[in-house]
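S.K.: I have a structure here, written as structure tokens, and I will follow up with some questions on it.
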Amino acid sequence: MNATDTRKEHRPDSADGGTSAANVWHLWEDRCKGCGICIEFCPTKALQFSKELSTKGYYVPVLEEKKCTYCGICDLYCPDLAIMVVRGKKTEKQIP
Amino acid sequence: MTELVVQHPLEKYVRKPYVNLFCPGCGESKAVFALIQAVDELKLDPDKVAIVSGVGCHNMVRTIVNFDTASVLHGRALPFATGLKLGNPDLTVIAFTGDGDGSTIGGNHLVHTARRNIGVTHIMLNNFLYANTGGQLAATTPPGASTTTSPYGNVEPILDACDLVASAGASYVARWTVNNMRPLVNSIKEAISKKGFSFIECVAPCPTFYGRYNSMKNPVEMMRWLKKASIPKSQTSQLSKEELKDKIVIGKFVDVEKPEFTDSIRKLWKTNTK
Amino acid sequence: MTKNNGLLSPGTYLFAGNDAVAEGAIAAGCRFYAGYPITPSTELAERMSRRMPEVGGMYVQMEDEIASMGALMGASWTGKKVMSATSGLGFCLMQEHIGFAIASETPLVLVDVQRCGPASGVVAEPMQGDVMQANYGHNGDIGLIALSPSTVQESFDLTIECFNLAEKYRTPVILLSDARLAKMREKLRTPRPEEVEIINRTIADKRQKQFYLAKEGVAPMPLFGAGHRMVVAISSHDEYGTIRMNAENHRVMVDRLNDKLRRASGEVTKIESKFMDDAEMAVLSYGTTARGALSAVKQARKEGIKVGYVRLISIWPFNEDAIRRVLSRARDVIVVELNTGLMKKEIERTLGSDKKTHLVWDVGRLVPPDVILRKIKELSN
């Protein structure tokens, strides 16, 4: 199961066009079960339920980037390992 | 352009392919990842981590975490964990059970494993009933609660597992909820690093059964209830017993140094055998 | 007496049955004992509590028999040879774990020092009431291996055999002793370590992935802490330990476990027979009951009756072919046992209607030879 299949990645705008951004918010949509805990716990209310169902049949969180502080609470509280928040450093693996 | 493969940092501890069969919003699922987070932050050798789980929803830990796992008989995780630790003291043995498994049917073993103070960490996930089999009454079900085997409301008093384990003699006793993920992860780290028996009761609500049967329609409502009901130990002195009745007291209750069982045996045998 | 790494020096001793079993276990390499005291097995636990530290082993008294079995299972999966001893009531409590050991192919040895039952019965008197429970006490229908000693020497020797079989076939093995054998004292000759054949389990290496349900032979056993990241489960599983909850896979599991036992049967089956060459009648017994049976048969022979003696040393797996063969000449078979006919029913079923099967029984005391002799004479007229 390739982790890149349905990821939604958000990077804040930066001078270099977003390729070397420091903060990242990822959602693996096929893991999300629409429980809504991330939306409830987000301190800046940056997350909302999507308007459309995911491929698994759930309403998944949609990020409003401007409000996100990349605190990582949604990552820590997600019961399904569906959200990854990276703050300040790159952790992506590059494959040739 | 090289392709980036993005992986959650905890995925290296997860069995492939990653399949999560917990219900949406399940508290126990969060506890599984809290455990993995703690193991990661402690930088433990994953080959030496042994998970012992009983029968219940928590048992799905065996399909998620990529450590040596024993999925044992209902209520008998602690004896198996004792055997593992005595057989190979180098293992980091973590008993991962539910509340029915760990303190109801497993109650006797809980008392004695704590009393022996053997170097095993017991993480007991408390969702207040037997969820896996459809939501029956357990010793940890609050009075008045509705379950499939207490349709008129639970008459029995609730068991305070932390109290029981502390009386039995464990070195480390704490209660957290999945609402307090950071303190929970820190507590698991402390518990694993402790030499003797460590017990963490992790309140992990069940929206599918306990929630629905007790007027909490979805995971978010359960989390809101949990937030309101939780009270840190330091704030309980101001409340009366009546006010504390429906509260969940969280915090660290016991953290002491005590002789650990295998150490005591070896010391004794060294001095008593030729 | 306990030099050379704590092992018993080779020699001749006066030992009680319980103690002989303990020493046999130590000679076989048992280094982990978790138990709960119950009459009449307690001396075994007491001896182990003293001897385990002397041989670098581990002794722990658990809170009940269920916990004892749990601890045995855990220790066995770290590579230790493990044992516990109990009696009928404790044996009942252990059944769930016995089923777990069978399903997960965990080697362990259990000594059942049988006493009168059901329930508490008579605490220190013998009965052979657990012979069926040994095989059928757990839920499900896969059996195990059970051996029945009848002398103190056999208590020692068969215990070593139990460990070897447990390790070789990755199964729980029961030693069916009884209250009389446990306490009686007899001559015991202990061998030199090089005279003892020890079999150890095959341990899986890092590359192997199939830990259970071998099609042929026995799957190598992985140990905790060796990096296998394996699963030991109570649920129905496949060769890799992955849990499979469907009829098809369960059938494969049941089939393979059954097959493993059937293959073991050839090696395990041990039946002693005397005077059977021209026997028209046979006396069949097992355990301490056989001692009286042999006396009766010898006396009958002196009086010219053509009677033979058959003793079952292995009780399970029950080998119908071997039993039919050893009893082929006899027209009548007298089964002597300390219960109301548990083994007699099996023998009767096995032999069919061509032969007549009779029962001489008692409980709480050994059947005296003259009682058996009376039955032999009654049938020979």
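Here, A, B, ... name the chains of the structure tokens in the order displayed, residue numbers run from 1 inside each chain, and ligands are numbered from 1 in the same displayed order.
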Could you give me, as CSV, a per-residue list for chain C showing, wherever an atom lies at most 8 Å from an atom of chain B, the closest pair of atoms and their distance in Å to one decimal, using only C-alpha atoms and sorting by chain then residue number from low to high?
M.R.:
residue,atom,partner,partner_atom,distance
C:Phe32,CA,B:Gly87,CA,7.8
C:Pro53,CA,B:Trp269,CA,6.2
C:Glu54,CA,B:Thr273,CA,6.0
C:Met58,CA,B:Leu86,CA,7.4
C:Glu63,CA,B:His112,CA,6.8
C:Ile66,CA,B:Arg76,CA,7.9
C:Ala67,CA,B:Pro79,CA,5.0
C:Ser68,CA,B:Pro79,CA,7.2
C:Met69,CA,B:Pro79,CA,7.8
C:Gly70,CA,B:Phe80,CA,4.5
C:Ala71,CA,B:Gly83,CA,3.8
C:Leu72,CA,B:Gly83,CA,6.0
C:Met73,CA,B:Phe80,CA,6.2
C:Gly74,CA,B:Gly83,CA,4.2
C:Ala75,CA,B:Gly83,CA,4.5
C:Ser76,CA,B:Gly87,CA,7.6
C:Trp77,CA,B:Leu84,CA,7.2
C:Thr78,CA,B:Gly87,CA,5.6
C:Gly79,CA,B:Gly87,CA,7.6
C:Lys80,CA,B:Gly87,CA,6.7
C:Glu96,CA,B:Leu73,CA,7.9
C:His97,CA,B:Leu73,CA,7.6
C:Phe100,CA,B:Leu73,CA,7.7
C:Phe224,CA,B:Asp68,CA,6.2
C:Gly225,CA,B:Lys48,CA,4.6
C:Ala226,CA,B:Asp47,CA,6.4
C:Gly227,CA,B:Asp47,CA,4.5
C:His228,CA,B:Asp68,CA,6.8
C:Arg229,CA,B:Asp68,CA,4.1
C:Met230,CA,B:Asp68,CA,4.8
C:Val231,CA,B:Thr69,CA,4.8
C:Val232,CA,B:Ala70,CA,4.6
C:Ala233,CA,B:Ser71,CA,4.6
C:Ile234,CA,B:Val72,CA,5.7
S.K.: Kindly save the residues from that selection, with C-alpha atoms included, as an mmCIF file, in the first residue's frame.
M.R.:
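Result saved to part.cif:
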data_model
loop_
_atom_site.group_PDB
_atom_site.id
_atom_site.type_symbol
_atom_site.label_atom_id
_atom_site.label_comp_id
_atom_site.auth_asym_id
_atom_site.auth_seq_id
_atom_site.Cartn_x
_atom_site.Cartn_y
_atom_site.Cartn_z
ATOM 1 C CA PHE C 32 11.487 -23.151 35.195
ATOM 2 C CA PRO C 53 18.101 -22.132 42.491
ATOM 3 C CA GLU C 54 20.737 -24.881 42.866
ATOM 4 C CA MET C 58 13.637 -20.217 38.330
ATOM 5 C CA GLU C 63 -1.573 -17.218 42.917
ATOM 6 C CA ILE C 66 -4.367 -20.611 36.010
ATOM 7 C CA ALA C 67 -1.569 -18.125 36.699
ATOM 8 C CA SER C 68 0.907 -21.011 36.927
ATOM 9 C CA MET C 69 0.018 -22.119 33.434
ATOM 10 C CA GLY C 70 0.204 -18.548 32.140
ATOM 11 C CA ALA C 71 3.698 -18.182 33.569
ATOM 12 C CA LEU C 72 4.725 -21.550 32.090
ATOM 13 C CA MET C 73 3.515 -20.460 28.666
ATOM 14 C CA GLY C 74 5.412 -17.166 28.844
ATOM 15 C CA ALA C 75 8.616 -18.835 30.015
ATOM 16 C CA SER C 76 8.368 -21.550 27.361
ATOM 17 C CA TRP C 77 8.258 -18.880 24.671
ATOM 18 C CA THR C 78 11.553 -17.483 25.954
ATOM 19 C CA GLY C 79 13.141 -20.899 25.396
ATOM 20 C CA LYS C 80 12.919 -22.485 28.837
ATOM 21 C CA GLU C 96 -7.976 -23.556 29.168
ATOM 22 C CA HIS C 97 -4.232 -23.044 29.011
ATOM 23 C CA PHE C 100 -3.832 -22.706 24.337
ATOM 24 C CA PHE C 224 10.606 -13.780 22.111
ATOM 25 C CA GLY C 225 13.346 -11.197 21.881
ATOM 26 C CA ALA C 226 15.024 -12.713 18.828
ATOM 27 C CA GLY C 227 13.617 -10.148 16.417
ATOM 28 C CA HIS C 228 10.931 -12.253 14.745
ATOM 29 C CA ARG C 229 8.135 -9.772 15.596
ATOM 30 C CA MET C 230 5.887 -12.769 15.766
ATOM 31 C CA VAL C 231 2.430 -13.362 17.160
ATOM 32 C CA VAL C 232 1.501 -16.145 19.575
ATOM 33 C CA ALA C 233 -2.254 -16.317 19.550
ATOM 34 C CA ILE C 234 -5.137 -18.140 21.123
#
S.K.: According to DSSP computed on the backbone, where in range 17-179 of chain B is there strand (DSSP E or B)? Give the residues as a ChimeraX atom specification.
M.R.: /B:49-53,65,68-71,92-98,121-126,130,136,147,150,172-177
S.K.: Of the candidates C:Ala264, C:Leu44, C:Met281, C:Leu176, which shows the shortest atom-to-atom distance to Ile334 in chain C, using only C-alpha atoms?
M.R.: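 Residue with the minimum atom-to-atom distance to Ile334 in chain C: C:Met281.
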S.K.: How would you write, as a count of residues only, the set of residues in range 169-202 of chain B that DSSP gives as helix (DSSP H, G or I)?
M.R.: 13
S.K.: Within 10 Å of range 57-59 of chain B, counting only C-alpha atoms, which residues qualify if same-chain residues fewer than 2 places away don't, as a PyMOL selection string?
M.R.: chain B and resi 21-23+26-29+31-32+52-55+61-64+69-72+96-99+101+124-127+130-133+206
S.K.: Just to be explicit: take each residue in the selection above, keep C-alpha atoms, and write the result as a PDB file, in the first residue's frame.
M.R.:
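Written file, again-v9.pdb:
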ATOM      1  CA  LEU B  21     -10.001  -2.028  12.461  1.00  0.00           C
ATOM      2  CA  PHE B  22     -10.924   0.098  15.478  1.00  0.00           C
ATOM      3  CA  CYS B  23     -14.191   2.032  15.286  1.00  0.00           C
ATOM      4  CA  CYS B  26     -12.045   4.775  19.342  1.00  0.00           C
ATOM      5  CA  GLY B  27     -10.068   5.776  22.386  1.00  0.00           C
ATOM      6  CA  GLU B  28      -8.194   2.470  22.430  1.00  0.00           C
ATOM      7  CA  SER B  29      -6.781   3.157  18.986  1.00  0.00           C
ATOM      8  CA  ALA B  31      -3.739   4.455  23.221  1.00  0.00           C
ATOM      9  CA  VAL B  32      -2.038   2.072  20.786  1.00  0.00           C
ATOM     10  CA  VAL B  52       1.052  -9.285  25.904  1.00  0.00           C
ATOM     11  CA  SER B  53      -2.588  -8.602  25.216  1.00  0.00           C
ATOM     12  CA  GLY B  54      -5.771 -10.286  26.345  1.00  0.00           C
ATOM     13  CA  VAL B  55      -9.170 -10.614  24.769  1.00  0.00           C
ATOM     14  CA  VAL B  61      -2.865  -4.072  18.967  1.00  0.00           C
ATOM     15  CA  ARG B  62      -1.482  -7.361  17.648  1.00  0.00           C
ATOM     16  CA  THR B  63      -2.350  -6.393  14.058  1.00  0.00           C
ATOM     17  CA  ILE B  64      -0.946  -2.886  14.358  1.00  0.00           C
ATOM     18  CA  THR B  69       3.127 -10.078  20.599  1.00  0.00           C
ATOM     19  CA  ALA B  70       1.282 -12.683  22.584  1.00  0.00           C
ATOM     20  CA  SER B  71      -2.482 -12.640  22.288  1.00  0.00           C
ATOM     21  CA  VAL B  72      -3.447 -14.728  25.306  1.00  0.00           C
ATOM     22  CA  PHE B  96      -1.724  -4.202  27.159  1.00  0.00           C
ATOM     23  CA  THR B  97      -5.240  -5.058  28.268  1.00  0.00           C
ATOM     24  CA  GLY B  98      -8.755  -3.742  28.492  1.00  0.00           C
ATOM     25  CA  ASP B  99     -10.594  -3.002  31.708  1.00  0.00           C
ATOM     26  CA  ASP B 101      -9.763  -8.293  30.807  1.00  0.00           C
ATOM     27  CA  MET B 124      -5.032  -1.003  31.079  1.00  0.00           C
ATOM     28  CA  LEU B 125      -7.404   0.653  28.636  1.00  0.00           C
ATOM     29  CA  ASN B 126     -10.649   1.537  30.342  1.00  0.00           C
ATOM     30  CA  ASN B 127     -13.740   2.010  28.213  1.00  0.00           C
ATOM     31  CA  TYR B 130     -16.741  -5.243  27.568  1.00  0.00           C
ATOM     32  CA  ALA B 131     -16.800  -3.533  24.213  1.00  0.00           C
ATOM     33  CA  ASN B 132     -15.565  -6.261  21.900  1.00  0.00           C
ATOM     34  CA  THR B 133     -18.470  -8.568  22.640  1.00  0.00           C
ATOM     35  CA  CYS B 206     -15.941   3.621  23.407  1.00  0.00           C
TER      36      CYS B 206
END
S.K.: Of the candidates C:Val333, C:Ala282, C:Val371, C:Ala28, which one gets nearest to Glu348 in chain C if we count only C-alpha atoms?
M.R.: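 For Glu348 in chain C, the nearest of the candidates is C:Val333.
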S.K.: Rank nothing, just name the residue among B:Ala170, B:Leu42, B:Ala191, B:Val220 nearest to chain A, using only C-alpha atoms.
M.R.: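 Result for the nearest residue to chain A: B:Val220.
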S.K.: Name all residues at most 7 Å from Phe128 in chain B (count only C-alpha atoms; drop same-chain ones fewer than 4 positions away) and give them as a list in words.
M.R.: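 What passes the distance filter is Asp99, Ala138, Thr140 and Thr141 of chain B.
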S.K.: Convert the current residue selection to file output with N, CA and C atoms, as a PDB file, in the first residue's frame.
M.R.:
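This is the output file result.pdb:
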ATOM      1  N   ASP B  99     -10.220  -3.087  30.298  1.00  0.00           N
ATOM      2  CA  ASP B  99     -10.594  -3.002  31.708  1.00  0.00           C
ATOM      3  C   ASP B  99     -11.259  -4.296  32.175  1.00  0.00           C
ATOM      4  N   ALA B 138     -19.030  -4.461  33.095  1.00  0.00           N
ATOM      5  CA  ALA B 138     -17.754  -4.907  33.660  1.00  0.00           C
ATOM      6  C   ALA B 138     -17.633  -4.304  35.053  1.00  0.00           C
ATOM      7  N   THR B 140     -15.709  -2.166  35.942  1.00  0.00           N
ATOM      8  CA  THR B 140     -15.356  -0.757  35.828  1.00  0.00           C
ATOM      9  C   THR B 140     -16.499   0.081  35.270  1.00  0.00           C
ATOM     10  N   THR B 141     -17.685  -0.509  35.105  1.00  0.00           N
ATOM     11  CA  THR B 141     -18.826   0.250  34.586  1.00  0.00           C
ATOM     12  C   THR B 141     -19.355   1.157  35.693  1.00  0.00           C
TER      13      THR B 141
END
S.K.: List the neighbours of Gln128 in chain C out to 7 Å using only C-alpha atoms; skip same-chain residues closer than 2 positions along the sequence, and give me the result as a list in words.
M.R.: Gln114, Pro126, Asp130, Val131, Glu337, Leu338 and Asn339 of chain C
S.K.: Might you pull out every residue within 7 Å of range 73-87 of chain A, with only C-alpha atoms counted and same-chain residues fewer than 3 positions away left off, and present them as a PyMOL selection string?
M.R.: (chain A and resi 22-29+31-32+37-38+42+70) or (chain B and resi 8+20+25-26+29-30+181)
S.K.: Please build the interface table for chain B against chain A with a cut-off of 12 Å, listing for each qualifying residue the nearest atom pair and the distance in Å to one decimal; count only C-alpha atoms, order rows by chain and increasing number, and write it as a Markdown table.
M.R.:
| residue | atom | partner | partner_atom | distance |
| --- | --- | --- | --- | --- |
| B:Met1 | CA | A:Pro96 | CA | 9.3 |
| B:Thr2 | CA | A:Pro96 | CA | 6.1 |
| B:Glu3 | CA | A:Ile95 | CA | 6.1 |
| B:Leu4 | CA | A:Gln94 | CA | 4.9 |
| B:Val5 | CA | A:Lys93 | CA | 5.6 |
| B:Val6 | CA | A:Glu92 | CA | 5.3 |
| B:Gln7 | CA | A:Ala3 | CA | 6.6 |
| B:His8 | CA | A:Met84 | CA | 6.0 |
| B:Pro9 | CA | A:Thr91 | CA | 8.1 |
| B:Leu10 | CA | A:Leu81 | CA | 8.4 |
| B:Glu11 | CA | A:Leu81 | CA | 8.4 |
| B:Tyr13 | CA | A:Leu81 | CA | 11.9 |
| B:Val14 | CA | A:Leu81 | CA | 10.2 |
| B:Arg15 | CA | A:Met1 | CA | 11.8 |
| B:Lys16 | CA | A:Met1 | CA | 8.4 |
| B:Pro17 | CA | A:Met1 | CA | 6.4 |
| B:Tyr18 | CA | A:Met1 | CA | 8.2 |
| B:Val19 | CA | A:Arg31 | CA | 8.6 |
| B:Asn20 | CA | A:Asp80 | CA | 6.7 |
| B:Leu21 | CA | A:Asp80 | CA | 9.3 |
| B:Phe22 | CA | A:Asp80 | CA | 8.4 |
| B:Cys23 | CA | A:Lys33 | CA | 8.1 |
| B:Pro24 | CA | A:Cys35 | CA | 5.1 |
| B:Gly25 | CA | A:Cys35 | CA | 4.8 |
| B:Cys26 | CA | A:Pro79 | CA | 6.7 |
| B:Gly27 | CA | A:Pro79 | CA | 7.1 |
| B:Glu28 | CA | A:Pro79 | CA | 8.0 |
| B:Ser29 | CA | A:Pro79 | CA | 5.1 |
| B:Lys30 | CA | A:Pro79 | CA | 4.3 |
| B:Ala31 | CA | A:Pro79 | CA | 8.0 |
| B:Val32 | CA | A:Pro79 | CA | 8.4 |
| B:Phe33 | CA | A:Pro79 | CA | 7.4 |
| B:Ala34 | CA | A:Leu76 | CA | 8.2 |
| B:Leu35 | CA | A:Leu76 | CA | 11.8 |
| B:Ile36 | CA | A:Leu81 | CA | 11.2 |
| B:Gln37 | CA | A:Leu76 | CA | 9.2 |
| B:Ala38 | CA | A:Leu76 | CA | 11.9 |
| B:Ile64 | CA | A:Asp80 | CA | 10.4 |
| B:Thr177 | CA | A:Tyr77 | CA | 11.5 |
| B:Val178 | CA | A:Tyr77 | CA | 8.0 |
| B:Asn179 | CA | A:Tyr77 | CA | 7.9 |
| B:Asn180 | CA | A:Tyr77 | CA | 9.0 |
| B:Met181 | CA | A:Tyr77 | CA | 6.9 |
| B:Arg182 | CA | A:Leu76 | CA | 8.1 |
| B:Pro183 | CA | A:Leu76 | CA | 11.7 |
| B:Leu184 | CA | A:Leu76 | CA | 11.1 |
| B:Val185 | CA | A:Leu76 | CA | 10.1 |
| B:Ala204 | CA | A:Pro79 | CA | 10.8 |
| B:Pro205 | CA | A:Pro79 | CA | 11.8 |
| B:Pro207 | CA | A:Cys35 | CA | 9.8 |
| B:Thr208 | CA | A:Cys35 | CA | 11.4 |
| B:Lys217 | CA | A:Cys35 | CA | 11.5 |
| B:Asn218 | CA | A:Cys35 | CA | 7.8 |
| B:Pro219 | CA | A:Cys35 | CA | 6.2 |
| B:Val220 | CA | A:Ile37 | CA | 5.8 |
| B:Glu221 | CA | A:Ile37 | CA | 9.5 |
| B:Met222 | CA | A:Ile37 | CA | 10.0 |
| B:Met223 | CA | A:Ile37 | CA | 7.9 |
| B:Arg224 | CA | A:Glu40 | CA | 8.9 |
| B:Lys227 | CA | A:Phe41 | CA | 11.0 |
S.K.: With only C-alpha atoms as the counted atoms, please give the residues lying no more than 10 Å from Gly134 in chain B, apart from itself and same-chain residues fewer than 3 positions off, as a list in words.
M.R.: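 Listed by chain and then number, they are Leu129, Tyr130, Ala131, Leu137, Thr147, Thr148, Thr149, Thr208, Phe209 and Tyr210 of chain B.
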